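Single-structure report; data block below.
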Amino acid sequence: MGLDDRKLAVLRAIVEDYVHTQEPVGSKALVERHQLGVSPATVRNDMAVLEEEGYIRQPHTSAGRVPTDRGYRLFVDRLSRVKPLSPAERRAIERFLVGAVDLDDVVHRTVRLLAQLTRQVAVVQYPSLARSKVRHLELVPISTTRLMVVMIADTGRVEQRLVELPAPVPAEDVTDLRRLVNEKLVGSQLAETPPLVQALVEESAPHLRPAMTTLSTVLLETLVERHEERIALAGTANLTRGGLLDFQGSLRPILEALEEEVVLLKLIGETEPSNATRVLIGDENEIDNLRAASVVSTGYGPGATIVGGLGVLGPTRMDYPGNIAMVRAVARYVGELLAQN
């Protein structure tokens with residue numbers, strides 16, 4: 001059975017009131033607070049249909065109604081409009097992020113900002129090396145038989161490795177090695193570098209080949225094999241702000257899930273690279289411990305390139321239009337920062 005415009009208006013009003021008041025919503029309150037243009041009796045009839053269709057439920061006898069996961073989904077998909085950010089909110093985001101000095105600072109400022117703006121738990125994935133390009137490779141001599149390899153990605157991530165050379169290498173040979181690896185690898189996606197690294201060994205002058213062979217092993221490990229992903233988290237205390245109906249009365253499963261980095265990466269980092277906003281509501285979450293929560297997430301990166309994910313997690317009773325707007329705006333600003341730097 002389809003819902004007519006009036007029933008949809010009643011559902012929208014119930015969601016908005018419940019998110020705002022944290023109290024089950026009754027027909028009398030709806031008529032008083034919203035310009036529905038009908039009597040309380042008509043609203044009660046509409047609420048009965050909404051309940052029968054599974055969009056709202058009665059948490060206990062003689063109480064008002066609260067939205068179900070299905071009701072929130074319909075609200076997000078059809079009934080809500082993303083709230084435009086105010087000029088003050090835009091300035092706050094820009095001021096907070098513009099002073100960042102390096103990638104770590106960008107990530108930590110971003111996650112704190114998201115938690116403050118949305119009053120939810122914020123999660124930010126560091127730019128993924130798997131989606132990054134090589135910006136520069138530096139070879140720093142530590143001794144005649146030891147080098148420090150420093151790989152700087154276009155996203156600002158920096159990886160360092162020590163190389164133990166098979167024999168002493170003079171400074172001019174280190175200069176040649178540095179030039180060769182940068183000419184071959186700069187601008188390449190990290191995932192596409194293995195054949196290029198192999199070619200470096202084959203194309204090296206005979207006197208450089210032993211050092212390049214050892215260096216190539218460390219380069220492959222640095223560029224391809226060790227893609228440990230990192231996550232930043234903030235605002236866990238925001239979970240305690242809600243009412244008794246949030247999280248089905250227990251925070252423990254949520255907190256346990258938030259301690260698992262693999263879980264957080266699954267939430268925001270393992271989606272198809274895209275800057276589309278994703279909203280998972282309640283039972284739509286694959287992770288059992290998060291079936292009482294909702295997640296709003298999106299990708300971010302310089303220009304059209306997506307290098308990581310960020311988002312917020314909170315009760316299903318959350319301000320979806322506001323949170324979607326904040327997540328999108330912050331992702332856009334972080335992408336602009338990465339593009340500039």
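Each chain in the structure tokens gets a letter, A, B, ..., in the order shown, and its residues are numbered from 1; ligands are numbered from 1 in order too.
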
Per-residue DSSP, stretch 138-216 of chain A, filtered to strand (DSSP E or B), as a PyMOL selection string: chain A and resi 138-143+146-153+158-164+189

For A:Pro84, the nearest of the candidates A:Gln340, A:Gln120, A:Ser294, A:Asn323, counting only C-alpha atoms: A:Asn323

Those in stretch 10-230 of chain A with alpha helix (DSSP H) from DSSP, as a PyMOL selection string: chain A and resi 10-21+27-33+40-52+69-74+87-98+103-118+171-185+194-203+209-220

Pairwise distance for atom CA of A:Val101 and atom CA of A:Leu258, rounded to one decimal in Å: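 Separation of atom CA of A:Val101 and atom CA of A:Leu258: 27.7 Å.
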
Computed interatomic separation between atom CA of A:Asp104 and atom CA of A:Ser297 (Å): 20.1 Å

Within 10 Å of A:Leu255 using only C-alpha atoms, minus same-chain residues under 5 positions, as an MDAnalysis selection string: chainID A and resid 236 239 250 260 289:290

Exercise: stretch 196-202 of chain A partners within 7 Å, only C-alpha atoms, chain neighbours under 5 positions left out, as a VMD selection string: chain A and resid 184 to 185 209 212 to 213 216

Kindly assemble as a Markdown table a list of the stretch 161-222 of chain A residues that lie within 12 Å of stretch 124-128 of chain A, each paired with its nearest atom pair and their distance in Å to one decimal, using only C-alpha atoms, sorted first by chain and then by ascending residue number.
| residue | atom | partner | partner_atom | distance |
| --- | --- | --- | --- | --- |
| A:Gln189 | CA | A:Ser128 | CA | 11.4 |
| A:Leu190 | CA | A:Ser128 | CA | 10.2 |
| A:Ala191 | CA | A:Ser128 | CA | 11.1 |

A:Val134 environment, 7 Å, only C-alpha atoms, sequence neighbours closer than 2 positions dropped, as a ChimeraX atom specification: /A:132,136,152-154,185-190

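The neighbours of A:His207 here are the residues that come within 12 Å of it, using only C-alpha atoms and leaving out any residue fewer than 5 positions away in the same chain; they are Ala167, Pro168, Val169, Pro170, Asp173, Val174, Asp176, Leu177, Val201, Met212 and Thr213 of chain A.
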
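With atom CA of A:Arg328 on one side and atom CA of A:Val158 on the other, the separation reads 26.2 Å.
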
For A:Arg33, the nearest of the candidates A:Ile56, A:Val10, A:Ile254, A:Leu180, counting only C-alpha atoms: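 Among the listed residues, the smallest separation from A:Arg33 belongs to A:Val10.
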
For the contact check between stretch 79-195 of chain A and stretch 217-222 of chain A, emit one row per residue of stretch 79-195 of chain A within 8 Å, containing the shortest atom pair and the distance in Å rounded to one decimal, counting only C-alpha atoms, chain then rising number order, as JSON lines.
{"residue": "A:Met151", "atom": "CA", "partner": "A:Thr222", "partner_atom": "CA", "distance": 7.7}
{"residue": "A:Glu159", "atom": "CA", "partner": "A:Thr222", "partner_atom": "CA", "distance": 6.9}
{"residue": "A:Gln160", "atom": "CA", "partner": "A:Thr222", "partner_atom": "CA", "distance": 7.8}
{"residue": "A:Arg161", "atom": "CA", "partner": "A:Val218", "partner_atom": "CA", "distance": 7.2}
{"residue": "A:Val163", "atom": "CA", "partner": "A:Val218", "partner_atom": "CA", "distance": 6.8}
{"residue": "A:Thr193", "atom": "CA", "partner": "A:Leu220", "partner_atom": "CA", "distance": 7.8}
{"residue": "A:Pro194", "atom": "CA", "partner": "A:Leu220", "partner_atom": "CA", "distance": 6.4}

Nearby residues (only C-alpha atoms) at most 12 Å from A:Val107, same-chain spacing under 5 positions excluded, as an NGL selection string: :A and (96-97 or 100-102 or 112-114 or 122-127 or 155-157 or 230-234 or 300 or 308-310 or 330-331 or 333-335 or 337-338)

Produce a file of the selected residues containing N, CA, C and O atoms, as a compact mmCIF listing (two decimals), in the first residue's frame.
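See result.txt below for the written result:
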# COMPACT_ATOMS: atom_id res chain seq x y z
N PHE A 96 38.77 26.12 11.24
CA PHE A 96 39.27 25.00 12.04
C PHE A 96 40.29 24.18 11.26
O PHE A 96 41.26 23.68 11.81
N LEU A 97 40.06 24.03 9.95
CA LEU A 97 40.91 23.16 9.15
C LEU A 97 42.09 23.88 8.50
O LEU A 97 43.11 23.27 8.21
N ALA A 100 45.92 23.64 9.70
CA ALA A 100 46.59 22.34 9.86
C ALA A 100 47.98 22.38 9.23
O ALA A 100 48.18 22.95 8.16
N VAL A 101 48.94 21.74 9.91
CA VAL A 101 50.34 21.84 9.46
C VAL A 101 50.81 20.60 8.70
O VAL A 101 51.77 20.66 7.95
N ASP A 102 50.16 19.44 8.92
CA ASP A 102 50.55 18.24 8.19
C ASP A 102 49.35 17.30 8.16
O ASP A 102 48.26 17.64 8.65
N ARG A 112 37.82 15.81 15.21
CA ARG A 112 37.29 16.61 16.33
C ARG A 112 36.19 17.56 15.86
O ARG A 112 35.16 17.73 16.52
N LEU A 113 36.41 18.16 14.70
CA LEU A 113 35.42 19.09 14.14
C LEU A 113 34.10 18.38 13.87
O LEU A 113 33.02 18.88 14.23
N LEU A 114 34.16 17.21 13.23
CA LEU A 114 32.94 16.46 12.92
C LEU A 114 32.17 16.09 14.18
O LEU A 114 30.94 16.19 14.23
N ALA A 122 32.58 10.62 15.62
CA ALA A 122 33.15 10.89 14.30
C ALA A 122 34.29 9.91 14.01
O ALA A 122 35.06 9.55 14.91
N VAL A 123 34.36 9.47 12.77
CA VAL A 123 35.41 8.54 12.33
C VAL A 123 36.01 9.08 11.04
O VAL A 123 35.28 9.43 10.11
N VAL A 124 37.35 9.14 10.99
CA VAL A 124 38.03 9.59 9.77
C VAL A 124 39.13 8.58 9.44
O VAL A 124 39.96 8.26 10.29
N GLN A 125 39.11 8.09 8.23
CA GLN A 125 40.16 7.20 7.74
C GLN A 125 41.29 8.04 7.17
O GLN A 125 41.06 8.99 6.42
N TYR A 126 42.53 7.72 7.57
CA TYR A 126 43.68 8.36 6.92
C TYR A 126 43.63 8.04 5.43
O TYR A 126 43.12 6.99 5.03
N PRO A 127 44.16 8.93 4.59
CA PRO A 127 44.21 8.61 3.16
C PRO A 127 44.83 7.24 2.93
O PRO A 127 45.88 6.92 3.47
N THR A 155 48.81 12.34 -1.12
CA THR A 155 47.83 12.66 -0.08
C THR A 155 48.48 13.17 1.20
O THR A 155 47.79 13.47 2.16
N GLY A 156 49.82 13.23 1.20
CA GLY A 156 50.51 13.71 2.40
C GLY A 156 51.00 12.60 3.31
O GLY A 156 51.71 12.87 4.28
N ARG A 157 50.61 11.36 3.05
CA ARG A 157 51.13 10.27 3.87
C ARG A 157 52.61 10.07 3.62
O ARG A 157 53.08 10.18 2.48
N ARG A 230 44.77 3.33 8.68
CA ARG A 230 44.68 3.95 10.00
C ARG A 230 43.38 4.74 10.11
O ARG A 230 42.86 5.26 9.14
N ILE A 231 42.89 4.81 11.35
CA ILE A 231 41.60 5.43 11.64
C ILE A 231 41.76 6.39 12.82
O ILE A 231 42.51 6.12 13.75
N ALA A 232 41.05 7.52 12.76
CA ALA A 232 40.97 8.43 13.91
C ALA A 232 39.52 8.49 14.37
O ALA A 232 38.59 8.47 13.55
N LEU A 233 39.32 8.55 15.69
CA LEU A 233 37.98 8.49 16.29
C LEU A 233 37.85 9.62 17.31
O LEU A 233 38.80 9.93 18.03
N ALA A 234 36.68 10.24 17.39
CA ALA A 234 36.43 11.28 18.40
C ALA A 234 34.94 11.32 18.74
O ALA A 234 34.10 10.91 17.94
N TYR A 300 36.36 11.13 0.59
CA TYR A 300 36.97 12.45 0.42
C TYR A 300 38.29 12.28 -0.32
O TYR A 300 38.87 11.20 -0.37
N GLY A 308 39.99 8.27 0.89
CA GLY A 308 39.61 7.79 2.22
C GLY A 308 38.15 8.08 2.49
O GLY A 308 37.45 8.67 1.66
N GLY A 309 37.70 7.65 3.66
CA GLY A 309 36.31 7.88 4.04
C GLY A 309 36.23 8.59 5.38
O GLY A 309 37.16 8.55 6.18
N LEU A 310 35.12 9.26 5.60
CA LEU A 310 34.85 9.86 6.91
C LEU A 310 33.35 9.83 7.15
O LEU A 310 32.55 9.71 6.23
N VAL A 330 32.39 18.88 5.36
CA VAL A 330 33.72 18.64 5.90
C VAL A 330 34.56 17.83 4.90
O VAL A 330 35.74 18.12 4.69
N ALA A 331 33.96 16.83 4.26
CA ALA A 331 34.68 16.04 3.26
C ALA A 331 35.16 16.93 2.12
O ALA A 331 36.29 16.78 1.62
N TYR A 333 35.84 20.20 2.23
CA TYR A 333 36.94 21.06 2.69
C TYR A 333 38.24 20.27 2.83
O TYR A 333 39.31 20.77 2.48
N VAL A 334 38.17 19.05 3.35
CA VAL A 334 39.38 18.24 3.49
C VAL A 334 39.96 17.92 2.11
O VAL A 334 41.17 17.98 1.90
N GLY A 335 39.09 17.62 1.16
CA GLY A 335 39.56 17.36 -0.21
C GLY A 335 40.26 18.57 -0.80
O GLY A 335 41.30 18.45 -1.46
N LEU A 337 41.81 20.91 0.90
CA LEU A 337 43.10 21.03 1.60
C LEU A 337 44.14 20.11 0.99
O LEU A 337 45.28 20.50 0.74
N LEU A 338 43.74 18.85 0.74
CA LEU A 338 44.68 17.89 0.15
C LEU A 338 45.10 18.32 -1.25
O LEU A 338 46.26 18.15 -1.64

Nearest-residue call for A:Leu11, choices A:Leu103, A:Ile93, A:Val327, A:Val66, using only C-alpha atoms: A:Val66

Using only C-alpha atoms: which of A:Gly282, A:Gly235, A:Gly301, A:Pro315 has the shortest distance to A:Val111: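 Of A:Gly282, A:Gly235, A:Gly301, A:Pro315, the one nearest A:Val111, counting only C-alpha atoms, is A:Gly235.
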